[in-house]
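Below: coords-v8.tsv (TSV, N, CA and C atoms)
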```tsv
chain	number	residue	atom	x	y	z
A	306	MET	N	20.77	19.47	-3.57
A	306	MET	CA	20.37	18.21	-2.99
A	306	MET	C	20.70	17.08	-3.95
A	307	SER	N	21.27	16.04	-3.47
A	307	SER	CA	21.68	14.91	-4.28
A	307	SER	C	20.48	14.08	-4.71
A	308	SER	N	20.55	13.52	-5.91
A	308	SER	CA	19.45	12.69	-6.39
A	308	SER	C	19.64	11.22	-6.02
A	309	GLN	N	20.74	10.89	-5.36
A	309	GLN	CA	20.99	9.52	-4.97
A	309	GLN	C	20.29	9.22	-3.65
A	310	PRO	N	19.74	8.01	-3.50
A	310	PRO	CA	19.06	7.67	-2.25
A	310	PRO	C	20.04	7.61	-1.08
A	311	SER	N	19.50	7.89	0.09
A	311	SER	CA	20.30	7.85	1.30
A	311	SER	C	20.71	6.42	1.62
A	312	MET	N	21.91	6.24	2.08
A	312	MET	CA	22.40	4.92	2.45
A	312	MET	C	22.58	4.83	3.97
A	313	LEU	N	21.88	5.70	4.71
A	313	LEU	CA	21.99	5.70	6.16
A	313	LEU	C	21.33	4.46	6.74
A	314	PRO	N	21.84	3.96	7.84
A	314	PRO	CA	21.15	2.87	8.52
A	314	PRO	C	19.74	3.32	8.90
A	315	TRP	N	18.81	2.37	9.00
A	315	TRP	CA	17.40	2.69	9.22
A	315	TRP	C	17.19	3.59	10.44
A	316	ASP	N	17.83	3.34	11.57
A	316	ASP	CA	17.62	4.16	12.76
A	316	ASP	C	18.01	5.61	12.53
A	317	GLU	N	19.15	5.81	11.87
A	317	GLU	CA	19.58	7.18	11.58
A	317	GLU	C	18.62	7.86	10.61
A	318	GLU	N	18.17	7.12	9.63
A	318	GLU	CA	17.24	7.67	8.65
A	318	GLU	C	15.92	8.05	9.32
A	319	LEU	N	15.44	7.20	10.22
A	319	LEU	CA	14.21	7.49	10.94
A	319	LEU	C	14.36	8.74	11.78
A	320	GLU	N	15.50	8.90	12.42
A	320	GLU	CA	15.75	10.11	13.21
A	320	GLU	C	15.72	11.35	12.32
A	321	GLU	N	16.30	11.26	11.14
A	321	GLU	CA	16.29	12.39	10.21
A	321	GLU	C	14.86	12.71	9.76
A	322	ILE	N	14.09	11.68	9.48
A	322	ILE	CA	12.70	11.89	9.07
A	322	ILE	C	11.91	12.57	10.18
A	323	LYS	N	12.09	12.11	11.42
A	323	LYS	CA	11.37	12.71	12.55
A	323	LYS	C	11.72	14.20	12.69
A	324	LYS	N	12.99	14.54	12.50
A	324	LYS	CA	13.40	15.95	12.60
A	324	LYS	C	12.79	16.77	11.47
A	325	GLU	N	12.83	16.23	10.25
A	325	GLU	CA	12.33	16.95	9.09
A	325	GLU	C	10.84	17.24	9.18
A	326	ILE	N	10.08	16.30	9.67
A	326	ILE	CA	8.63	16.45	9.67
A	326	ILE	C	8.06	16.76	11.05
A	327	SER	N	8.92	16.96	12.02
A	327	SER	CA	8.53	17.32	13.39
A	327	SER	C	7.60	16.30	14.02
A	328	PHE	N	7.83	15.02	13.79
A	328	PHE	CA	7.07	13.97	14.43
A	328	PHE	C	7.83	13.48	15.65
A	329	SER	N	7.09	13.13	16.68
A	329	SER	CA	7.71	12.54	17.85
A	329	SER	C	7.94	11.06	17.58
A	330	HIS	N	8.68	10.40	18.46
A	330	HIS	CA	8.91	8.97	18.30
A	330	HIS	C	7.59	8.20	18.35
A	331	ARG	N	6.68	8.64	19.22
A	331	ARG	CA	5.37	7.99	19.34
A	331	ARG	C	4.59	8.08	18.04
A	332	GLU	N	4.72	9.19	17.33
A	332	GLU	CA	3.99	9.39	16.08
A	332	GLU	C	4.59	8.62	14.91
A	333	THR	N	5.75	8.05	15.09
A	333	THR	CA	6.36	7.27	14.00
A	333	THR	C	6.22	5.78	14.27
A	334	GLY	N	5.29	5.41	15.11
A	334	GLY	CA	5.08	4.01	15.46
A	334	GLY	C	4.32	3.26	14.38
A	335	THR	N	3.13	2.80	14.70
A	335	THR	CA	2.36	2.01	13.76
A	335	THR	C	0.98	2.65	13.54
A	336	LEU	N	0.36	2.26	12.45
A	336	LEU	CA	-1.00	2.68	12.14
A	336	LEU	C	-1.93	1.48	12.29
A	337	SER	N	-3.12	1.73	12.78
A	337	SER	CA	-4.11	0.66	12.93
A	337	SER	C	-5.17	0.82	11.83
A	338	GLN	N	-6.04	-0.17	11.72
A	338	GLN	CA	-7.13	-0.06	10.76
A	338	GLN	C	-8.03	1.12	11.10
A	339	GLU	N	-8.19	1.40	12.38
A	339	GLU	CA	-9.00	2.54	12.80
A	339	GLU	C	-8.41	3.86	12.29
A	340	ASP	N	-7.07	3.94	12.25
A	340	ASP	CA	-6.42	5.14	11.72
A	340	ASP	C	-6.80	5.35	10.25
A	341	PHE	N	-6.83	4.26	9.49
A	341	PHE	CA	-7.19	4.35	8.08
A	341	PHE	C	-8.66	4.73	7.92
A	342	LEU	N	-9.51	4.27	8.83
A	342	LEU	CA	-10.94	4.57	8.74
A	342	LEU	C	-11.26	6.03	9.05
A	343	ARG	N	-10.27	6.78	9.51
A	343	ARG	CA	-10.45	8.22	9.74
A	343	ARG	C	-10.24	9.02	8.45
A	344	ILE	N	-9.89	8.33	7.38
A	344	ILE	CA	-9.67	8.99	6.08
A	344	ILE	C	-10.98	8.92	5.31
A	345	PRO	N	-11.70	10.05	5.17
A	345	PRO	CA	-13.03	10.03	4.56
A	345	PRO	C	-13.06	9.41	3.16
A	346	GLU	N	-12.04	9.65	2.36
A	346	GLU	CA	-12.01	9.12	1.00
A	346	GLU	C	-11.97	7.59	0.99
A	347	LEU	N	-11.31	7.00	1.96
A	347	LEU	CA	-11.27	5.53	2.04
A	347	LEU	C	-12.60	4.97	2.53
A	348	VAL	N	-13.25	5.68	3.42
A	348	VAL	CA	-14.51	5.22	3.97
A	348	VAL	C	-15.59	5.15	2.89
A	349	ILE	N	-15.61	6.12	1.97
A	349	ILE	CA	-16.65	6.15	0.94
A	349	ILE	C	-16.27	5.40	-0.32
A	350	ASP	N	-15.01	5.02	-0.46
A	350	ASP	CA	-14.56	4.29	-1.64
A	350	ASP	C	-15.14	2.88	-1.62
A	351	PRO	N	-15.76	2.45	-2.74
A	351	PRO	CA	-16.33	1.10	-2.74
A	351	PRO	C	-15.30	0.00	-2.50
A	352	LEU	N	-14.05	0.27	-2.78
A	352	LEU	CA	-12.99	-0.71	-2.54
A	352	LEU	C	-12.16	-0.35	-1.31
A	353	GLY	N	-12.65	0.59	-0.51
A	353	GLY	CA	-11.90	1.06	0.66
A	353	GLY	C	-11.49	-0.04	1.62
A	354	ASP	N	-12.41	-0.97	1.89
A	354	ASP	CA	-12.08	-2.07	2.80
A	354	ASP	C	-10.92	-2.90	2.27
A	355	GLN	N	-10.93	-3.16	0.97
A	355	GLN	CA	-9.85	-3.96	0.38
A	355	GLN	C	-8.54	-3.19	0.40
A	356	ILE	N	-8.61	-1.88	0.17
A	356	ILE	CA	-7.39	-1.06	0.21
A	356	ILE	C	-6.81	-1.08	1.62
A	357	ILE	N	-7.67	-0.86	2.60
A	357	ILE	CA	-7.21	-0.85	4.00
A	357	ILE	C	-6.64	-2.21	4.39
A	358	ASN	N	-7.35	-3.27	4.05
A	358	ASN	CA	-6.90	-4.62	4.41
A	358	ASN	C	-5.57	-4.98	3.75
A	359	ALA	N	-5.25	-4.34	2.63
A	359	ALA	CA	-3.98	-4.61	1.96
A	359	ALA	C	-2.79	-4.26	2.85
A	360	PHE	N	-2.97	-3.33	3.78
A	360	PHE	CA	-1.89	-2.90	4.66
A	360	PHE	C	-1.68	-3.83	5.85
A	361	PHE	N	-2.61	-4.77	6.06
A	361	PHE	CA	-2.57	-5.61	7.24
A	361	PHE	C	-2.57	-7.09	6.87
A	362	PRO	N	-1.38	-7.69	6.81
A	362	PRO	CA	-1.33	-9.13	6.55
A	362	PRO	C	-2.13	-9.86	7.63
A	363	GLU	N	-2.59	-11.04	7.31
A	363	GLU	CA	-3.41	-11.80	8.24
A	363	GLU	C	-2.74	-11.90	9.61
A	364	GLY	N	-3.50	-11.56	10.63
A	364	GLY	CA	-3.00	-11.64	11.99
A	364	GLY	C	-2.32	-10.38	12.49
A	365	GLU	N	-2.07	-9.42	11.61
A	365	GLU	CA	-1.41	-8.17	12.01
A	365	GLU	C	-2.47	-7.12	12.34
A	366	ASP	N	-2.24	-6.36	13.43
A	366	ASP	CA	-3.19	-5.31	13.77
A	366	ASP	C	-2.59	-3.92	13.65
A	367	GLY	N	-1.34	-3.83	13.16
A	367	GLY	CA	-0.70	-2.55	12.95
A	367	GLY	C	0.29	-2.64	11.80
A	368	VAL	N	0.55	-1.49	11.19
A	368	VAL	CA	1.53	-1.44	10.10
A	368	VAL	C	2.55	-0.35	10.45
A	369	ASN	N	3.84	-0.70	10.35
A	369	ASN	CA	4.88	0.29	10.63
A	369	ASN	C	5.25	1.05	9.35
A	370	PHE	N	6.16	1.97	9.45
A	370	PHE	CA	6.51	2.83	8.32
A	370	PHE	C	7.01	2.01	7.13
A	371	ARG	N	7.88	1.07	7.40
A	371	ARG	CA	8.43	0.25	6.31
A	371	ARG	C	7.32	-0.56	5.63
A	372	GLY	N	6.45	-1.20	6.40
A	372	GLY	CA	5.34	-1.96	5.83
A	372	GLY	C	4.38	-1.07	5.06
A	373	PHE	N	4.17	0.14	5.58
A	373	PHE	CA	3.30	1.11	4.91
A	373	PHE	C	3.86	1.48	3.54
A	374	THR	N	5.15	1.80	3.48
A	374	THR	CA	5.74	2.19	2.20
A	374	THR	C	5.83	1.01	1.24
A	375	GLN	N	6.08	-0.19	1.75
A	375	GLN	CA	6.12	-1.36	0.87
A	375	GLN	C	4.75	-1.65	0.27
A	376	THR	N	3.71	-1.47	1.07
A	376	THR	CA	2.36	-1.68	0.55
A	376	THR	C	2.02	-0.60	-0.47
A	377	LEU	N	2.38	0.65	-0.18
A	377	LEU	CA	2.12	1.73	-1.14
A	377	LEU	C	2.79	1.47	-2.48
A	378	ALA	N	3.94	0.82	-2.46
A	378	ALA	CA	4.66	0.55	-3.70
A	378	ALA	C	3.82	-0.27	-4.67
A	379	HIS	N	2.94	-1.13	-4.15
A	379	HIS	CA	2.09	-1.94	-5.02
A	379	HIS	C	1.07	-1.08	-5.76
A	380	PHE	N	0.75	0.09	-5.22
A	380	PHE	CA	-0.25	0.97	-5.83
A	380	PHE	C	0.35	1.91	-6.87
A	381	ARG	N	1.67	1.97	-6.95
A	381	ARG	CA	2.32	2.84	-7.94
A	381	ARG	C	2.01	2.35	-9.35
A	382	PRO	N	1.95	3.29	-10.31
A	382	PRO	CA	1.73	2.87	-11.70
A	382	PRO	C	2.84	1.92	-12.15
A	383	ILE	N	2.47	1.04	-13.05
A	383	ILE	CA	3.45	0.10	-13.59
A	383	ILE	C	4.40	0.87	-14.49
A	384	GLU	N	5.68	0.73	-14.22
A	384	GLU	CA	6.69	1.41	-15.01
A	384	GLU	C	7.20	0.48	-16.10
A	385	ASP	N	7.93	1.06	-17.02
A	385	ASP	CA	8.59	0.25	-18.03
A	385	ASP	C	9.70	-0.52	-17.32
A	386	ASN	N	9.41	-1.76	-16.95
A	386	ASN	CA	10.34	-2.54	-16.14
A	386	ASN	C	11.64	-2.85	-16.85
A	387	LYS	N	11.67	-2.74	-18.18
A	387	LYS	CA	12.93	-2.98	-18.88
A	387	LYS	C	13.94	-1.90	-18.53
A	388	LYS	N	13.45	-0.67	-18.32
A	388	LYS	CA	14.34	0.44	-18.00
A	388	LYS	C	14.71	0.46	-16.52
A	389	SER	N	13.74	0.11	-15.65
A	389	SER	CA	13.97	0.28	-14.22
A	389	SER	C	14.36	-1.00	-13.48
A	390	LYS	N	14.25	-2.15	-14.12
A	390	LYS	CA	14.52	-3.41	-13.42
A	390	LYS	C	16.01	-3.69	-13.34
A	391	ASP	N	16.43	-4.07	-12.17
A	391	ASP	CA	17.79	-4.53	-11.95
A	391	ASP	C	17.80	-6.01	-12.33
A	392	VAL	N	18.52	-6.36	-13.37
A	392	VAL	CA	18.50	-7.74	-13.87
A	392	VAL	C	18.95	-8.75	-12.83
A	393	ASN	N	19.74	-8.32	-11.86
A	393	ASN	CA	20.20	-9.22	-10.81
A	393	ASN	C	19.34	-9.17	-9.55
A	394	GLY	N	18.44	-8.19	-9.49
A	394	GLY	CA	17.63	-8.01	-8.30
A	394	GLY	C	16.23	-8.58	-8.45
A	395	PRO	N	15.44	-8.44	-7.39
A	395	PRO	CA	14.06	-8.95	-7.44
A	395	PRO	C	13.20	-8.08	-8.36
A	396	GLU	N	12.09	-8.63	-8.79
A	396	GLU	CA	11.15	-7.89	-9.63
A	396	GLU	C	10.56	-6.75	-8.79
A	397	PRO	N	10.36	-5.56	-9.38
A	397	PRO	CA	9.79	-4.43	-8.61
A	397	PRO	C	8.42	-4.78	-8.02
A	398	LEU	N	8.10	-4.20	-6.86
A	398	LEU	CA	6.82	-4.46	-6.21
A	398	LEU	C	5.64	-4.01	-7.07
A	399	ASN	N	5.87	-3.02	-7.94
A	399	ASN	CA	4.77	-2.53	-8.77
A	399	ASN	C	4.74	-3.18	-10.15
A	400	SER	N	5.40	-4.31	-10.31
A	400	SER	CA	5.32	-5.03	-11.59
A	400	SER	C	3.92	-5.64	-11.71
A	401	ARG	N	3.53	-5.92	-12.92
A	401	ARG	CA	2.19	-6.49	-13.16
A	401	ARG	C	1.97	-7.77	-12.36
A	402	SER	N	2.94	-8.68	-12.40
A	402	SER	CA	2.75	-9.96	-11.70
A	402	SER	C	2.72	-9.78	-10.18
A	403	ASN	N	3.57	-8.90	-9.64
A	403	ASN	CA	3.54	-8.66	-8.19
A	403	ASN	C	2.25	-7.99	-7.76
A	404	LYS	N	1.73	-7.06	-8.56
A	404	LYS	CA	0.46	-6.41	-8.23
A	404	LYS	C	-0.66	-7.44	-8.19
A	405	LEU	N	-0.73	-8.28	-9.21
A	405	LEU	CA	-1.79	-9.29	-9.27
A	405	LEU	C	-1.70	-10.24	-8.08
A	406	HIS	N	-0.50	-10.69	-7.75
A	406	HIS	CA	-0.35	-11.60	-6.62
A	406	HIS	C	-0.66	-10.90	-5.30
A	407	PHE	N	-0.28	-9.63	-5.18
A	407	PHE	CA	-0.52	-8.87	-3.95
A	407	PHE	C	-2.02	-8.74	-3.68
A	408	PHE	N	-2.79	-8.44	-4.72
A	408	PHE	CA	-4.22	-8.22	-4.54
A	408	PHE	C	-5.04	-9.50	-4.59
A	409	ASP	N	-4.48	-10.56	-5.12
A	409	ASP	CA	-5.21	-11.82	-5.21
A	409	ASP	C	-4.22	-12.94	-5.00
A	410	LYS	N	-4.12	-13.39	-3.78
A	410	LYS	CA	-3.06	-14.32	-3.37
A	410	LYS	C	-3.04	-15.63	-4.13
A	411	ASP	N	-4.19	-16.07	-4.65
A	411	ASP	CA	-4.18	-17.35	-5.37
A	411	ASP	C	-3.98	-17.18	-6.87
A	412	ASP	N	-3.75	-15.95	-7.32
A	412	ASP	CA	-3.48	-15.63	-8.72
A	412	ASP	C	-4.64	-15.99	-9.65
A	413	LYS	N	-5.84	-16.08	-9.10
A	413	LYS	CA	-7.02	-16.37	-9.91
A	413	LYS	C	-8.15	-15.43	-9.50
A	414	LEU	N	-8.92	-14.98	-10.47
A	414	LEU	CA	-10.08	-14.14	-10.19
A	414	LEU	C	-11.30	-15.05	-10.21
A	415	SER	N	-11.83	-15.31	-9.03
A	415	SER	CA	-12.97	-16.20	-8.94
A	415	SER	C	-14.26	-15.45	-9.30
A	416	ARG	N	-15.29	-16.21	-9.58
A	416	ARG	CA	-16.59	-15.61	-9.89
A	416	ARG	C	-17.05	-14.75	-8.71
A	417	ASP	N	-16.92	-15.24	-7.49
A	417	ASP	CA	-17.35	-14.50	-6.31
A	417	ASP	C	-16.58	-13.19	-6.14
A	418	GLU	N	-15.27	-13.22	-6.39
A	418	GLU	CA	-14.46	-12.00	-6.28
A	418	GLU	C	-14.90	-10.97	-7.30
A	419	LEU	N	-15.15	-11.41	-8.53
A	419	LEU	CA	-15.61	-10.50	-9.59
A	419	LEU	C	-16.96	-9.89	-9.23
A	420	ILE	N	-17.89	-10.71	-8.78
A	420	ILE	CA	-19.21	-10.20	-8.40
A	420	ILE	C	-19.10	-9.21	-7.26
A	421	GLN	N	-18.26	-9.50	-6.28
A	421	GLN	CA	-18.08	-8.60	-5.14
A	421	GLN	C	-17.60	-7.23	-5.60
A	422	VAL	N	-16.62	-7.18	-6.47
A	422	VAL	CA	-16.10	-5.90	-6.97
A	422	VAL	C	-17.16	-5.18	-7.80
A	423	LEU	N	-17.83	-5.90	-8.68
A	423	LEU	CA	-18.86	-5.28	-9.53
A	423	LEU	C	-20.01	-4.73	-8.70
A	424	GLU	N	-20.40	-5.44	-7.66
A	424	GLU	CA	-21.47	-4.95	-6.79
A	424	GLU	C	-21.05	-3.67	-6.06
A	425	LYS	N	-19.82	-3.62	-5.60
A	425	LYS	CA	-19.33	-2.42	-4.91
A	425	LYS	C	-19.29	-1.23	-5.86
A	426	VAL	N	-18.84	-1.45	-7.07
A	426	VAL	CA	-18.76	-0.37	-8.06
A	426	VAL	C	-20.18	0.08	-8.44
A	427	ASP	N	-21.12	-0.86	-8.58
A	427	ASP	CA	-22.50	-0.54	-8.92
A	427	ASP	C	-23.14	0.31	-7.82
A	428	VAL	N	-22.93	-0.05	-6.56
A	428	VAL	CA	-23.45	0.72	-5.44
A	428	VAL	C	-22.88	2.13	-5.46
A	429	GLU	N	-21.60	2.27	-5.71
A	429	GLU	CA	-20.96	3.59	-5.76
A	429	GLU	C	-21.56	4.44	-6.87
A	430	GLN	N	-21.80	3.85	-8.04
A	430	GLN	CA	-22.38	4.59	-9.15
A	430	GLN	C	-23.79	5.05	-8.81
A	431	LYS	N	-24.59	4.20	-8.18
A	431	LYS	CA	-25.95	4.57	-7.80
A	431	LYS	C	-25.95	5.69	-6.77
A	432	MET	N	-24.99	5.69	-5.86
A	432	MET	CA	-24.91	6.72	-4.84
A	432	MET	C	-24.52	8.06	-5.43
A	433	SER	N	-23.79	8.06	-6.54
A	433	SER	CA	-23.34	9.33	-7.12
A	433	SER	C	-24.38	9.96	-8.05
A	434	ILE	N	-25.47	9.25	-8.30
A	434	ILE	CA	-26.52	9.78	-9.20
A	434	ILE	C	-27.41	10.75	-8.45
```

What would the structure in this file look like if it were written as structure tokens?
Amino acid sequence: MSSQPSMLPWDEELEEIKKEISFSHRETGTLSQEDFLRIPELVIDPLGDQIINAFFPEGEDGVNFRGFTQTLAHFRPIEDNKKSKDVNGPEPLNSRSNKLHFFDKDDKLSRDELIQVLEKVDVEQKMSI
């Protein structure tokens, strides 16, 4: 198997993915917030709501495969960008600055945002005792 990424057009690539994983066309559509709420680990995670909401830009009620994978990219560990960054291309989605902007659109951590996160973490710790 080649280590180079596929250069197939998106429709052809989607067809290959459907064959490989035995998904129907209907199953390769979009995911809703309700779909994410069926994942027990997200439901009990104190930051689960924020994780789920990250997949749904304002006004969107579904996320397609491409949007899902692009959002997941923000959750990847930060790599040594000097080695992996294309100097002529955009900054990787998992760069420190892109992660911060993705999770906090105004690039500032307000007092209310900090309190909200700390309260959620405190509740989770109390529940695990």

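Atom C of Leu336 (chain A) is positioned 9.4 Å from CA of Phe370 (chain A).
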
Exercise. Excluding Ile383 (chain A) and any residue of its chain fewer than 2 positions from it, enumerate the residues within 7 Å of it, using only C-alpha atoms, and give them as a list of chain:residue names.
Key: A:Arg381, A:Asp385, A:Asn399, A:Ser400, A:Arg401

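Atom N of Asp409 (chain A) to CA of Ala359 (chain A) spans 9.3 Å [interatomic distance, one decimal].
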
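From atom N of Pro351 (chain A) back to atom C of Phe373 (chain A), the distance works out to 20.6 Å.
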
Which residues come within 8 Å of Phe361 (chain A), counting all atoms listed in the file, excluding same-chain residues fewer than 5 positions away, as a PDB file with N, CA and C atoms, in the frame of the given file?
```pdb
ATOM      1  N   GLN A 338      -6.040  -0.170  11.720  1.00  0.00           N
ATOM      2  CA  GLN A 338      -7.130  -0.060  10.760  1.00  0.00           C
ATOM      3  C   GLN A 338      -8.030   1.120  11.100  1.00  0.00           C
ATOM      4  N   ILE A 356      -8.610  -1.880   0.170  1.00  0.00           N
ATOM      5  CA  ILE A 356      -7.390  -1.060   0.210  1.00  0.00           C
ATOM      6  C   ILE A 356      -6.810  -1.080   1.620  1.00  0.00           C
ATOM      7  N   ASP A 366      -2.240  -6.360  13.430  1.00  0.00           N
ATOM      8  CA  ASP A 366      -3.190  -5.310  13.770  1.00  0.00           C
ATOM      9  C   ASP A 366      -2.590  -3.920  13.650  1.00  0.00           C
ATOM     10  N   GLY A 367      -1.340  -3.830  13.160  1.00  0.00           N
ATOM     11  CA  GLY A 367      -0.700  -2.550  12.950  1.00  0.00           C
ATOM     12  C   GLY A 367       0.290  -2.640  11.800  1.00  0.00           C
ATOM     13  N   VAL A 368       0.550  -1.490  11.190  1.00  0.00           N
ATOM     14  CA  VAL A 368       1.530  -1.440  10.100  1.00  0.00           C
ATOM     15  C   VAL A 368       2.550  -0.350  10.450  1.00  0.00           C
ATOM     16  N   GLY A 372       6.450  -1.200   6.400  1.00  0.00           N
ATOM     17  CA  GLY A 372       5.340  -1.960   5.830  1.00  0.00           C
ATOM     18  C   GLY A 372       4.380  -1.070   5.060  1.00  0.00           C
TER      19      GLY A 372
END
```
